[in-house]
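Structure below is my_file_10.cif: mmCIF, C-alpha atoms.
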data_target
#
loop_
_atom_site.label_atom_id
_atom_site.label_comp_id
_atom_site.auth_asym_id
_atom_site.auth_seq_id
_atom_site.Cartn_x
_atom_site.Cartn_y
_atom_site.Cartn_z
CA MET E 1 -121.83 -175.34 -40.68
CA SER E 2 -120.44 -172.32 -38.83
CA ASP E 3 -119.61 -172.56 -35.13
CA THR E 4 -122.44 -170.12 -34.38
CA VAL E 5 -124.99 -172.38 -36.05
CA GLY E 6 -123.43 -175.62 -34.82
CA VAL E 7 -123.33 -174.58 -31.17
CA PHE E 8 -126.94 -173.42 -31.26
CA GLU E 9 -128.20 -176.55 -33.01
CA SER E 10 -126.43 -178.76 -30.48
CA HIS E 11 -128.57 -177.13 -27.77
CA ARG E 12 -131.82 -176.82 -29.74
CA PRO E 13 -133.54 -180.03 -28.47
CA SER E 14 -133.04 -179.12 -24.80
CA LEU E 15 -134.13 -175.52 -25.47
CA VAL E 16 -137.35 -176.64 -27.20
CA ALA E 17 -137.97 -179.06 -24.32
CA LEU E 18 -137.42 -176.24 -21.80
CA ALA E 19 -139.85 -173.91 -23.57
CA TYR E 20 -142.38 -176.73 -24.04
CA ARG E 21 -142.27 -177.55 -20.32
CA MET E 22 -142.76 -173.89 -19.48
CA LEU E 23 -145.57 -173.20 -21.99
CA GLY E 24 -147.20 -176.58 -22.69
CA ASP E 25 -147.42 -175.61 -26.37
CA VAL E 26 -145.02 -176.96 -28.99
CA GLY E 27 -145.60 -174.25 -31.60
CA ARG E 28 -145.05 -171.45 -29.12
CA ALA E 29 -141.99 -173.27 -27.77
CA GLU E 30 -140.50 -173.45 -31.27
CA ASP E 31 -141.21 -169.74 -31.79
CA ILE E 32 -139.46 -168.92 -28.51
CA VAL E 33 -136.39 -170.92 -29.55
CA GLN E 34 -136.36 -169.15 -32.92
CA ASP E 35 -136.33 -165.82 -31.08
CA ALA E 36 -133.45 -167.13 -28.98
CA TRP E 37 -131.58 -167.98 -32.19
CA LEU E 38 -131.85 -164.36 -33.36
CA ARG E 39 -130.43 -163.16 -30.04
CA TRP E 40 -127.67 -165.77 -30.21
CA GLN E 41 -126.64 -164.51 -33.65
CA ASP E 42 -126.25 -161.01 -32.25
CA HIS E 43 -124.47 -161.92 -29.01
CA SER E 44 -122.71 -165.28 -29.48
CA GLU E 45 -119.24 -163.81 -29.90
CA GLY E 46 -117.45 -163.89 -26.59
CA VAL E 47 -120.06 -165.99 -24.75
CA GLU E 48 -118.09 -168.31 -22.46
CA ASN E 49 -120.97 -170.62 -21.55
CA PRO E 50 -123.39 -170.99 -24.50
CA ARG E 51 -125.65 -173.42 -22.64
CA ALA E 52 -126.19 -171.06 -19.71
CA PHE E 53 -126.67 -168.09 -22.04
CA LEU E 54 -129.25 -169.86 -24.21
CA VAL E 55 -131.17 -171.39 -21.28
CA THR E 56 -131.31 -167.94 -19.68
CA VAL E 57 -132.62 -166.32 -22.88
CA VAL E 58 -135.28 -168.98 -23.45
CA THR E 59 -136.44 -168.89 -19.82
CA ARG E 60 -136.81 -165.10 -19.89
CA LEU E 61 -138.72 -165.24 -23.17
CA CYS E 62 -141.04 -167.89 -21.71
CA LEU E 63 -141.68 -165.83 -18.57
CA ASN E 64 -142.50 -162.82 -20.76
CA GLU E 65 -144.86 -164.96 -22.82
CA LEU E 66 -146.59 -166.32 -19.72
CA ASP E 67 -147.10 -162.76 -18.51
CA SER E 68 -149.08 -161.88 -21.65
CA ALA E 69 -152.85 -161.41 -21.45
CA ARG E 70 -153.42 -164.32 -23.84
CA ALA E 71 -151.37 -166.74 -21.78
CA ARG E 72 -153.00 -165.65 -18.52
CA ARG E 73 -156.44 -166.20 -20.06
CA GLU E 74 -155.51 -169.66 -21.36
CA GLU E 75 -153.89 -170.77 -18.11
CA SER E 76 -156.95 -169.75 -16.13
CA ARG E 77 -159.08 -172.38 -17.91
CA SER E 78 -159.69 -175.42 -15.69
CA ASP E 79 -159.84 -177.69 -18.77
CA ARG E 80 -156.59 -176.56 -20.38
CA LEU E 81 -154.05 -179.33 -20.99
CA PRO E 82 -150.48 -179.25 -22.31
CA GLU E 83 -150.22 -180.10 -26.00
CA PRO E 84 -149.47 -183.79 -26.75
CA VAL E 85 -146.40 -184.46 -28.88
CA ASP E 86 -144.52 -187.24 -30.61
CA LEU E 87 -141.08 -186.70 -29.06
CA ALA E 88 -139.33 -187.64 -32.29
CA ARG E 89 -140.66 -184.43 -33.81
CA GLY E 90 -138.13 -181.68 -33.35
CA GLY E 91 -135.62 -184.08 -31.81
CA LEU E 92 -137.28 -184.09 -28.39
CA ASP E 93 -136.51 -187.80 -28.10
CA GLU E 94 -132.84 -186.83 -27.84
CA ILE E 95 -133.21 -185.23 -24.42
CA GLU E 96 -132.09 -187.27 -21.43
CA ALA E 97 -134.92 -186.53 -19.02
CA VAL E 98 -137.76 -188.00 -21.10
CA ASP E 99 -139.74 -188.73 -17.92
CA GLN E 100 -139.74 -184.98 -17.26
CA ILE E 101 -141.65 -184.32 -20.46
CA SER E 102 -144.38 -186.89 -19.81
CA MET E 103 -147.97 -185.66 -19.83
CA ALA E 104 -148.36 -186.40 -16.11
CA PHE E 105 -145.32 -184.23 -15.31
CA LEU E 106 -146.43 -181.42 -17.65
CA VAL E 107 -149.86 -181.30 -16.01
CA VAL E 108 -148.17 -180.93 -12.62
CA LEU E 109 -145.96 -178.14 -14.00
CA GLN E 110 -149.04 -176.34 -15.31
CA LYS E 111 -150.37 -176.12 -11.74
CA LEU E 112 -147.29 -174.14 -10.70
CA THR E 113 -146.82 -170.41 -11.10
CA PRO E 114 -144.50 -169.36 -13.95
CA ALA E 115 -141.78 -168.49 -11.43
CA GLU E 116 -142.12 -171.85 -9.65
CA ARG E 117 -141.96 -173.62 -13.01
CA ALA E 118 -138.81 -171.75 -13.99
CA VAL E 119 -137.04 -172.33 -10.67
CA LEU E 120 -137.91 -176.04 -10.62
CA ILE E 121 -136.75 -176.67 -14.19
CA LEU E 122 -133.59 -174.57 -13.91
CA ARG E 123 -132.57 -176.27 -10.65
CA GLU E 124 -133.72 -179.86 -11.25
CA VAL E 125 -133.11 -180.21 -15.00
CA PHE E 126 -130.35 -177.72 -15.82
CA ASP E 127 -128.59 -177.71 -12.43
CA PHE E 128 -128.37 -173.91 -12.20
CA GLU E 129 -127.04 -172.41 -8.98
CA TYR E 130 -129.41 -170.38 -6.82
CA GLY E 131 -127.50 -167.19 -7.58
CA GLU E 132 -127.95 -167.73 -11.33
CA ILE E 133 -131.65 -168.49 -10.91
CA ALA E 134 -132.19 -165.45 -8.67
CA ALA E 135 -130.70 -163.11 -11.26
CA LEU E 136 -132.78 -164.68 -14.01
CA VAL E 137 -136.18 -164.48 -12.29
CA ASN E 138 -135.43 -161.19 -10.49
CA LYS E 139 -135.87 -162.59 -6.99
CA SER E 140 -133.59 -163.16 -4.00
CA GLU E 141 -131.87 -166.51 -3.47
CA ALA E 142 -134.02 -167.03 -0.38
CA ALA E 143 -137.17 -166.44 -2.43
CA CYS E 144 -135.95 -168.89 -5.06
CA ARG E 145 -135.38 -171.56 -2.42
CA GLN E 146 -138.93 -170.98 -1.18
CA LEU E 147 -140.30 -171.22 -4.73
CA LEU E 148 -138.42 -174.47 -5.25
CA ARG E 149 -139.74 -175.90 -1.98
CA ARG E 150 -143.34 -175.16 -2.98
CA ALA E 151 -142.79 -176.56 -6.47
CA ARG E 152 -141.29 -179.76 -5.09
CA GLU E 153 -144.23 -180.16 -2.70
CA ASN E 154 -146.64 -179.98 -5.64
CA VAL E 155 -144.60 -182.52 -7.60
CA SER E 156 -144.39 -184.78 -4.55
CA ALA E 157 -148.19 -184.80 -4.26
CA GLU E 158 -148.30 -186.54 -7.65
CA LYS E 159 -145.23 -188.70 -7.07
CA ARG E 160 -147.07 -192.02 -7.40
CA ALA E 161 -148.37 -191.13 -10.86
CA LEU E 162 -144.98 -189.81 -11.97
CA GLU E 163 -143.20 -193.02 -10.96
CA SER E 164 -145.34 -195.64 -12.70
CA THR E 165 -143.30 -198.09 -14.76
CA PRO E 166 -143.61 -198.25 -18.57
CA GLU E 167 -144.88 -201.83 -18.23
CA GLU E 168 -147.64 -200.88 -15.80
CA HIS E 169 -148.60 -197.91 -17.96
CA ARG E 170 -148.80 -200.02 -21.12
CA ARG E 171 -150.85 -202.72 -19.38
CA LEU E 172 -153.44 -200.20 -18.22
CA VAL E 173 -153.53 -198.41 -21.58
CA ASP E 174 -154.22 -201.71 -23.36
CA ALA E 175 -156.94 -202.63 -20.86
CA PHE E 176 -158.45 -199.13 -21.12
CA VAL E 177 -158.49 -199.25 -24.93
CA GLY E 178 -160.16 -202.66 -24.90
CA ALA E 179 -162.85 -201.53 -22.45
CA VAL E 180 -163.53 -198.28 -24.31
CA ARG E 181 -163.80 -200.02 -27.69
CA ALA E 182 -166.24 -202.52 -26.19
CA GLY E 183 -168.23 -199.85 -24.35
CA ASP E 184 -167.61 -201.95 -21.22
CA VAL E 185 -168.75 -199.79 -18.30
CA GLU E 186 -168.04 -202.46 -15.71
CA GLY E 187 -164.56 -203.07 -17.13
CA LEU E 188 -163.77 -199.36 -17.08
CA THR E 189 -164.99 -199.09 -13.49
CA LYS E 190 -162.53 -201.77 -12.39
CA LEU E 191 -159.64 -199.93 -14.04
CA LEU E 192 -160.30 -196.55 -12.40
CA ALA E 193 -158.94 -195.40 -9.04
CA ASP E 194 -161.48 -194.20 -6.49
CA ASP E 195 -160.25 -190.61 -6.93
CA ALA E 196 -160.06 -190.77 -10.75
CA VAL E 197 -160.65 -187.57 -12.73
CA VAL E 198 -161.25 -186.82 -16.41
CA ILE E 199 -160.05 -183.53 -17.90
CA ALA E 200 -161.14 -182.86 -21.49
CA ASP E 201 -159.60 -179.92 -23.37
CA GLY E 202 -161.61 -178.94 -26.42
CA GLY E 203 -159.96 -175.57 -26.79
CA GLU E 204 -161.36 -172.13 -26.10
CA HIS E 205 -164.51 -172.77 -28.16
CA GLY E 206 -165.04 -176.39 -27.18
CA VAL E 207 -165.85 -179.57 -29.06
CA ARG E 208 -168.61 -182.15 -28.78
CA PHE E 209 -168.16 -185.49 -27.00
CA GLY E 210 -171.18 -187.58 -28.00
CA ARG E 211 -174.14 -185.49 -26.80
CA VAL E 212 -171.95 -183.47 -24.45
CA ARG E 213 -170.42 -180.22 -25.67
CA ASN E 214 -167.19 -179.98 -23.73
CA LEU E 215 -166.80 -180.79 -20.08
CA PRO E 216 -167.11 -177.44 -18.29
CA ARG E 217 -165.05 -178.77 -15.39
CA PRO E 218 -163.08 -181.91 -14.49
CA LEU E 219 -165.31 -184.99 -14.20
CA SER E 220 -164.94 -187.14 -11.07
CA GLY E 221 -166.66 -190.23 -9.69
CA VAL E 222 -165.82 -193.70 -11.00
CA ALA E 223 -169.36 -194.53 -12.17
CA ARG E 224 -169.83 -191.18 -13.93
CA ILE E 225 -166.45 -191.41 -15.65
CA ALA E 226 -167.02 -194.97 -16.86
CA ALA E 227 -170.49 -194.09 -18.19
CA PHE E 228 -169.15 -190.98 -19.92
CA LEU E 229 -166.28 -192.81 -21.64
CA ALA E 230 -168.50 -195.70 -22.76
CA SER E 231 -171.13 -193.26 -24.06
CA VAL E 232 -168.57 -191.29 -26.07
CA ALA E 233 -167.19 -194.50 -27.58
CA ARG E 234 -170.68 -195.66 -28.62
CA ARG E 235 -171.71 -192.37 -30.17
CA GLU E 236 -168.52 -191.42 -31.99
CA GLY E 237 -169.16 -193.26 -35.26
CA GLY E 238 -166.53 -193.49 -38.01
CA VAL E 239 -163.65 -193.12 -35.55
CA GLU E 240 -160.62 -195.41 -35.61
CA THR E 241 -158.38 -195.70 -32.56
CA HIS E 242 -154.65 -196.34 -32.48
CA VAL E 243 -152.19 -196.69 -29.61
CA ARG E 244 -149.22 -194.40 -30.19
CA GLU E 245 -146.31 -193.24 -28.06
CA LEU E 246 -146.80 -189.59 -27.12
CA ASN E 247 -144.76 -187.71 -24.55
CA GLY E 248 -142.74 -190.87 -24.01
CA ARG E 249 -145.70 -193.06 -22.98
CA PRO E 250 -148.42 -195.03 -24.84
CA ALA E 251 -151.52 -192.97 -25.58
CA LEU E 252 -154.76 -193.48 -27.50
CA VAL E 253 -155.26 -191.46 -30.70
CA ALA E 254 -158.73 -191.19 -32.26
CA VAL E 255 -158.79 -190.67 -36.03
CA ARG E 256 -161.64 -189.71 -38.34
CA ASP E 257 -161.22 -189.41 -42.12
CA GLY E 258 -157.45 -189.64 -41.77
CA ARG E 259 -157.27 -186.77 -39.26
CA ALA E 260 -156.59 -186.96 -35.53
CA VAL E 261 -159.61 -185.70 -33.60
CA ALA E 262 -158.44 -186.57 -30.08
CA ALA E 263 -155.54 -187.95 -28.08
CA VAL E 264 -156.06 -189.62 -24.71
CA HIS E 265 -153.31 -189.84 -22.09
CA LEU E 266 -153.58 -191.76 -18.86
CA SER E 267 -151.94 -191.07 -15.52
CA VAL E 268 -151.62 -194.29 -13.54
CA ALA E 269 -150.58 -195.23 -10.03
CA ASP E 270 -150.83 -198.32 -7.83
CA GLY E 271 -152.25 -200.39 -10.68
CA LYS E 272 -155.18 -198.02 -11.36
CA ILE E 273 -155.97 -195.12 -13.70
CA ARG E 274 -155.97 -191.83 -11.77
CA HIS E 275 -156.39 -189.32 -14.58
CA VAL E 276 -157.77 -189.45 -18.10
CA PHE E 277 -156.56 -186.48 -20.14
CA ILE E 278 -158.57 -185.98 -23.34
CA HIS E 279 -156.94 -183.63 -25.83
CA ALA E 280 -159.52 -182.59 -28.41
CA ASP E 281 -158.48 -179.05 -29.34
CA PRO E 282 -157.88 -179.19 -33.13
CA ALA E 283 -155.24 -176.48 -32.79
CA HIS E 284 -153.19 -178.70 -30.47
CA LEU E 285 -153.15 -182.00 -32.33
CA GLY E 286 -150.64 -181.10 -35.02
CA HIS E 287 -147.52 -182.49 -33.30
CA ILE E 288 -148.56 -186.08 -32.71
CA GLY E 289 -147.02 -187.37 -35.95
CA SER E 290 -148.56 -189.79 -38.42
CA VAL E 291 -152.08 -190.93 -37.56
CA ASN E 292 -151.95 -194.10 -39.68
#
Turn the structure described in the file into structure tokens.
Amino acid sequence: MSDTVGVFESHRPSLVALAYRMLGDVGRAEDIVQDAWLRWQDHSEGVENPRAFLVTVVTRLCLNELDSARARREESRSDRLPEPVDLARGGLDEIEAVDQISMAFLVVLQKLTPAERAVLILREVFDFEYGEIAALVNKSEAACRQLLRRARENVSAEKRALESTPEEHRRLVDAFVGAVRAGDVEGLTKLLADDAVVIADGGEHGVRFGRVRNLPRPLSGVARIAAFLASVARREGGVETHVRELNGRPALVAVRDGRAVAAVHLSVADGKIRHVFIHADPAHLGHIGSVN
């Protein structure tokens, strides 16, 4: 393996993770990294800091992508969720900051502007200096500090959900799965936080949940959420459910005829479920690995 290839491949997992955090889409992230590879082939000779060069290229490509009409349309949807992924695919399990690729963290990132996302990731994950970040996002250092402050405030607002332990998360996932399988409305009610919310992403054209075609907006209210989840479980015949690790945490995968039809992530805090993220867009279920 040539040095050009070897150096790039040594950075590939962190580059894919960077693009995935920025875009919330694994396929687009892989395409971005492939574009970065083409640029690396043309410019690698004489690059003193390959990591900084490649992170800069990928970040700029992501910002360009997020500025496209398609991306702006997708990001404006209130039901859009980041794509779930088995981290072992593409070597994403090799990155050190696995907690910063969890679904709860990605959903928080999605609430930020593209510039806030870039500044937060470059500073917190890649430890870039403010001068480097300013040149990359075409803003002053003072503006970058302001962007980082706002981004951190948004992350802080969800701090409780981002700091749940793996043990607490697994306990609530197991209890949630048991209650859903049993159609136990009362059991689900006890598991949900008072401010719990369900977000269901069926893609641009939507999918059907029981008798409901898509959720046009996030669903709130403990009683309504419990009734909705129990109703979906009762009406979705021929579906098997499996608990799988996605985005570094246990998640529920629904399978029909050997094909994943939905993935359900939970965000938990203080011993309760705060968010239920239902991924049901067929175009975004291809990176969750084996469904058996």
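Among the candidates E:Met22, E:Val173, E:Leu147, E:Leu38, the one nearest to Leu109 (chain E) when counting only C-alpha atoms is E:Met22.
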If you apply the PyMOL selection byres ((chain E and resi 56) around 12) to this file, what residues do you get, as a ChimeraX atom specification?
/E:15,18-19,33,36,39-40,49-55,57-63,118-119,121-122,126,128,132-137
Just C-alpha atoms for this one: save the residues we selected as a CSV table (one decimal), keeping the file's coordinate frame.
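Result went into again_9.csv, see below:
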chain,number,residue,atom,x,y,z
E,15,LEU,CA,-134.1,-175.5,-25.5
E,18,LEU,CA,-137.4,-176.2,-21.8
E,19,ALA,CA,-139.8,-173.9,-23.6
E,33,VAL,CA,-136.4,-170.9,-29.6
E,36,ALA,CA,-133.4,-167.1,-29.0
E,39,ARG,CA,-130.4,-163.2,-30.0
E,40,TRP,CA,-127.7,-165.8,-30.2
E,49,ASN,CA,-121.0,-170.6,-21.6
E,50,PRO,CA,-123.4,-171.0,-24.5
E,51,ARG,CA,-125.6,-173.4,-22.6
E,52,ALA,CA,-126.2,-171.1,-19.7
E,53,PHE,CA,-126.7,-168.1,-22.0
E,54,LEU,CA,-129.2,-169.9,-24.2
E,55,VAL,CA,-131.2,-171.4,-21.3
E,57,VAL,CA,-132.6,-166.3,-22.9
E,58,VAL,CA,-135.3,-169.0,-23.4
E,59,THR,CA,-136.4,-168.9,-19.8
E,60,ARG,CA,-136.8,-165.1,-19.9
E,61,LEU,CA,-138.7,-165.2,-23.2
E,62,CYS,CA,-141.0,-167.9,-21.7
E,63,LEU,CA,-141.7,-165.8,-18.6
E,118,ALA,CA,-138.8,-171.8,-14.0
E,119,VAL,CA,-137.0,-172.3,-10.7
E,121,ILE,CA,-136.8,-176.7,-14.2
E,122,LEU,CA,-133.6,-174.6,-13.9
E,126,PHE,CA,-130.4,-177.7,-15.8
E,128,PHE,CA,-128.4,-173.9,-12.2
E,132,GLU,CA,-128.0,-167.7,-11.3
E,133,ILE,CA,-131.6,-168.5,-10.9
E,134,ALA,CA,-132.2,-165.4,-8.7
E,135,ALA,CA,-130.7,-163.1,-11.3
E,136,LEU,CA,-132.8,-164.7,-14.0
E,137,VAL,CA,-136.2,-164.5,-12.3
At what distance in Å, to one decimal, does CA of Ser68 (chain E) lie from CA of His279 (chain E)?
23.5 Å
Could you tell me, as a ChimeraX atom specification, exactly which residues end up selected when the PyMOL selection byres ((chain E and resi 150-155) around 9) is applied to this structure?
/E:105,108-109,111-113,116-117,119-120,145-149,156-159,162
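Going from CA of Ser44 (chain E) to CA of Asp3 (chain E) covers 9.7 Å.
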Counting only C-alpha atoms, which residues sit no farther than 8 Å from the position (-149.6, -183.3, -24.6) in the file's frame? I'd like them as a PyMOL selection string.
chain E and resi 24+81-85+102-103+106+246-247+265+279
Could you make a table, as JSON lines, of the residues of region 93-184 of chain E that have an atom within 12 Å of an atom of region 249-259 of chain E, each with its nearest atom pair and distance in Å to one decimal, counting only C-alpha atoms, in chain and number order?
{"residue": "E:Asp93", "atom": "CA", "partner": "E:Arg249", "partner_atom": "CA", "distance": 11.8}
{"residue": "E:Val98", "atom": "CA", "partner": "E:Arg249", "partner_atom": "CA", "distance": 9.6}
{"residue": "E:Asp99", "atom": "CA", "partner": "E:Arg249", "partner_atom": "CA", "distance": 8.9}
{"residue": "E:Gln100", "atom": "CA", "partner": "E:Arg249", "partner_atom": "CA", "distance": 11.6}
{"residue": "E:Ile101", "atom": "CA", "partner": "E:Arg249", "partner_atom": "CA", "distance": 10.0}
{"residue": "E:Ser102", "atom": "CA", "partner": "E:Arg249", "partner_atom": "CA", "distance": 7.1}
{"residue": "E:Met103", "atom": "CA", "partner": "E:Arg249", "partner_atom": "CA", "distance": 8.4}
{"residue": "E:Ala104", "atom": "CA", "partner": "E:Arg249", "partner_atom": "CA", "distance": 9.9}
{"residue": "E:Phe105", "atom": "CA", "partner": "E:Arg249", "partner_atom": "CA", "distance": 11.7}
{"residue": "E:Leu162", "atom": "CA", "partner": "E:Arg249", "partner_atom": "CA", "distance": 11.5}
{"residue": "E:Ser164", "atom": "CA", "partner": "E:Arg249", "partner_atom": "CA", "distance": 10.6}
{"residue": "E:Thr165", "atom": "CA", "partner": "E:Arg249", "partner_atom": "CA", "distance": 9.9}
{"residue": "E:Pro166", "atom": "CA", "partner": "E:Arg249", "partner_atom": "CA", "distance": 7.1}
{"residue": "E:Glu167", "atom": "CA", "partner": "E:Arg249", "partner_atom": "CA", "distance": 10.0}
{"residue": "E:Glu168", "atom": "CA", "partner": "E:Arg249", "partner_atom": "CA", "distance": 10.8}
{"residue": "E:His169", "atom": "CA", "partner": "E:Pro250", "partner_atom": "CA", "distance": 7.5}
{"residue": "E:Arg170", "atom": "CA", "partner": "E:Pro250", "partner_atom": "CA", "distance": 6.2}
{"residue": "E:Arg171", "atom": "CA", "partner": "E:Pro250", "partner_atom": "CA", "distance": 9.7}
{"residue": "E:Leu172", "atom": "CA", "partner": "E:Pro250", "partner_atom": "CA", "distance": 9.8}
{"residue": "E:Val173", "atom": "CA", "partner": "E:Pro250", "partner_atom": "CA", "distance": 6.9}
{"residue": "E:Asp174", "atom": "CA", "partner": "E:Pro250", "partner_atom": "CA", "distance": 9.0}
{"residue": "E:Ala175", "atom": "CA", "partner": "E:Leu252", "partner_atom": "CA", "distance": 11.5}
{"residue": "E:Phe176", "atom": "CA", "partner": "E:Leu252", "partner_atom": "CA", "distance": 9.3}
{"residue": "E:Val177", "atom": "CA", "partner": "E:Leu252", "partner_atom": "CA", "distance": 7.3}
{"residue": "E:Gly178", "atom": "CA", "partner": "E:Leu252", "partner_atom": "CA", "distance": 11.0}
{"residue": "E:Val180", "atom": "CA", "partner": "E:Leu252", "partner_atom": "CA", "distance": 10.5}
{"residue": "E:Arg181", "atom": "CA", "partner": "E:Leu252", "partner_atom": "CA", "distance": 11.2}
So that I can check the surroundings of Lys272 (chain E), please list as a PyMOL selection string every protein, DNA and RNA residue that reaches within 9 Å of it, counting all atoms listed in the file and ignoring chain neighbours fewer than 6 positions away.
chain E and resi 172+190-194+196
Which of these, E:His43, E:Arg160, E:Arg21, E:His11, has the shortest distance to Val268 (chain E) once you count all atoms listed in the file?
E:Arg160
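In this comparison, which uses only C-alpha atoms, the residue of E:Leu23, E:Glu186, E:Glu48, E:Asp31 approaching Arg72 (chain E) most closely is E:Leu23.
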Could you state the separation of CA of Ile288 (chain E) and CA of Ile32 (chain E) in Å, given to one decimal place?
19.9 Å
Using all atoms listed in the file, the residue out of E:Ala230, E:Val5, E:Val26, E:Leu219 with shortest distance to Ala283 (chain E) is E:Val26
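In terms of minimum interatomic distance to Pro13 (chain E), E:Leu87 ranks closest within E:Arg80, E:Ala200, E:Leu87, E:Asp42, counting only C-alpha atoms.
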How would region 155-169 of chain E of the given structure read as a file with N, CA and C atoms, as a PDB file, in the first residue's frame?
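The file below, out.pdb, is the result:
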ATOM      1  N   VAL E 155     -26.248  22.108  23.281  1.00  0.00           N
ATOM      2  CA  VAL E 155     -25.851  20.784  23.751  1.00  0.00           C
ATOM      3  C   VAL E 155     -26.123  20.666  25.250  1.00  0.00           C
ATOM      4  N   SER E 156     -25.837  21.740  25.978  1.00  0.00           N
ATOM      5  CA  SER E 156     -26.052  21.735  27.430  1.00  0.00           C
ATOM      6  C   SER E 156     -27.505  21.514  27.796  1.00  0.00           C
ATOM      7  N   ALA E 157     -28.423  22.028  26.948  1.00  0.00           N
ATOM      8  CA  ALA E 157     -29.854  21.879  27.213  1.00  0.00           C
ATOM      9  C   ALA E 157     -30.275  20.414  27.203  1.00  0.00           C
ATOM     10  N   GLU E 158     -29.512  19.580  26.511  1.00  0.00           N
ATOM     11  CA  GLU E 158     -29.819  18.146  26.434  1.00  0.00           C
ATOM     12  C   GLU E 158     -28.796  17.320  27.209  1.00  0.00           C
ATOM     13  N   LYS E 159     -28.076  17.964  28.113  1.00  0.00           N
ATOM     14  CA  LYS E 159     -26.971  17.293  28.791  1.00  0.00           C
ATOM     15  C   LYS E 159     -27.404  16.034  29.532  1.00  0.00           C
ATOM     16  N   ARG E 160     -28.567  16.079  30.189  1.00  0.00           N
ATOM     17  CA  ARG E 160     -29.019  14.916  30.960  1.00  0.00           C
ATOM     18  C   ARG E 160     -29.184  13.691  30.069  1.00  0.00           C
ATOM     19  N   ALA E 161     -29.750  13.891  28.873  1.00  0.00           N
ATOM     20  CA  ALA E 161     -29.963  12.767  27.965  1.00  0.00           C
ATOM     21  C   ALA E 161     -28.648  12.282  27.372  1.00  0.00           C
ATOM     22  N   LEU E 162     -27.680  13.172  27.229  1.00  0.00           N
ATOM     23  CA  LEU E 162     -26.408  12.794  26.628  1.00  0.00           C
ATOM     24  C   LEU E 162     -25.498  12.085  27.627  1.00  0.00           C
ATOM     25  N   GLU E 163     -25.826  12.165  28.912  1.00  0.00           N
ATOM     26  CA  GLU E 163     -24.948  11.588  29.928  1.00  0.00           C
ATOM     27  C   GLU E 163     -25.509  10.327  30.579  1.00  0.00           C
ATOM     28  N   SER E 164     -26.582   9.773  30.045  1.00  0.00           N
ATOM     29  CA  SER E 164     -27.134   8.545  30.637  1.00  0.00           C
ATOM     30  C   SER E 164     -26.122   7.411  30.496  1.00  0.00           C
ATOM     31  N   THR E 165     -26.072   6.543  31.494  1.00  0.00           N
ATOM     32  CA  THR E 165     -25.115   5.438  31.467  1.00  0.00           C
ATOM     33  C   THR E 165     -25.616   4.333  30.544  1.00  0.00           C
ATOM     34  N   PRO E 166     -24.698   3.525  29.999  1.00  0.00           N
ATOM     35  CA  PRO E 166     -25.125   2.378  29.172  1.00  0.00           C
ATOM     36  C   PRO E 166     -26.064   1.442  29.919  1.00  0.00           C
ATOM     37  N   GLU E 167     -25.830   1.265  31.225  1.00  0.00           N
ATOM     38  CA  GLU E 167     -26.674   0.365  32.017  1.00  0.00           C
ATOM     39  C   GLU E 167     -28.101   0.906  32.128  1.00  0.00           C
ATOM     40  N   GLU E 168     -28.227   2.208  32.404  1.00  0.00           N
ATOM     41  CA  GLU E 168     -29.550   2.807  32.502  1.00  0.00           C
ATOM     42  C   GLU E 168     -30.264   2.735  31.158  1.00  0.00           C
ATOM     43  N   HIS E 169     -29.521   3.007  30.098  1.00  0.00           N
ATOM     44  CA  HIS E 169     -30.104   2.980  28.761  1.00  0.00           C
ATOM     45  C   HIS E 169     -30.623   1.582  28.435  1.00  0.00           C
TER      46      HIS E 169
END
